[in-house]
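Please read the structure below before turning to the comments.
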Amino acid sequence: MKLEDGVDICRCIYHSLSGLGFFPALTGGLLYKDGDRKDCDIVIYRHRQDVAHFETIEIQEKLEAIGFSDFKHFGFVTKAKFKGFDVDIFNPETIDNDNYEG
């Protein structure tokens, strides 16, 4: 995976979720390490005046509609696939515990 792939994924998320008050932020090795990476790390943050709280599982259906699949929820991090790429989705404000929810 290359930086451009991560940017493209964030653009897809932005177009799908921004109207609902959710926004992607690319982070991790794609930004600061050279060469191809095994996955992409994306933080999802909320518009604080419009969305009081969310858990990633609550936006899963919208993410599925744009091509995400194979979700595995682990509290703070959700692992998923997007068009063959491994993506780690982070919600820094989660109140869910770290138990797996397949």
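Residue numbering restarts at 1 for every chain of the structure tokens, chains are lettered A, B, ... in their displayed order, and ligands are numbered from 1 as they appear.
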
Pull the closest atom pair for each residue of stretch 26-102 of chain A that gets at most 8 Å from stretch 3-8 of chain A, along with the distance in Å to one decimal, counting only C-alpha atoms, ordering rows by chain and then ascending residue number, as a tab-separated table.
residue	atom	partner	partner_atom	distance
A:Leu26	CA	A:Gly6	CA	6.9
A:Leu30	CA	A:Leu3	CA	5.2
A:Leu31	CA	A:Leu3	CA	6.7
A:Cys40	CA	A:Gly6	CA	6.1

### Nearby residues (only C-alpha atoms) at most 10 Å from stretch 72-87 of chain A, same-chain spacing under 2 positions excluded, as a ChimeraX atom specification
/A:1,5-6,9,37-43,55-57,60,63-64,66-70,89-102

Which of stretch 1-45 of chain A end up as helix (DSSP H, G or I) when DSSP is run on this backbone - answer as a PyMOL selection string? chain A and resi 3-20+29-32

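Note that atom CA of A:Gly21 and atom CA of A:Val51 are 6.4 Å apart.
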
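Restricting the calculation to only C-alpha atoms, the smallest distance between A:Asp50 and any of A:Tyr32, A:Ser18, A:Cys12, A:Lys62 is found for A:Ser18.
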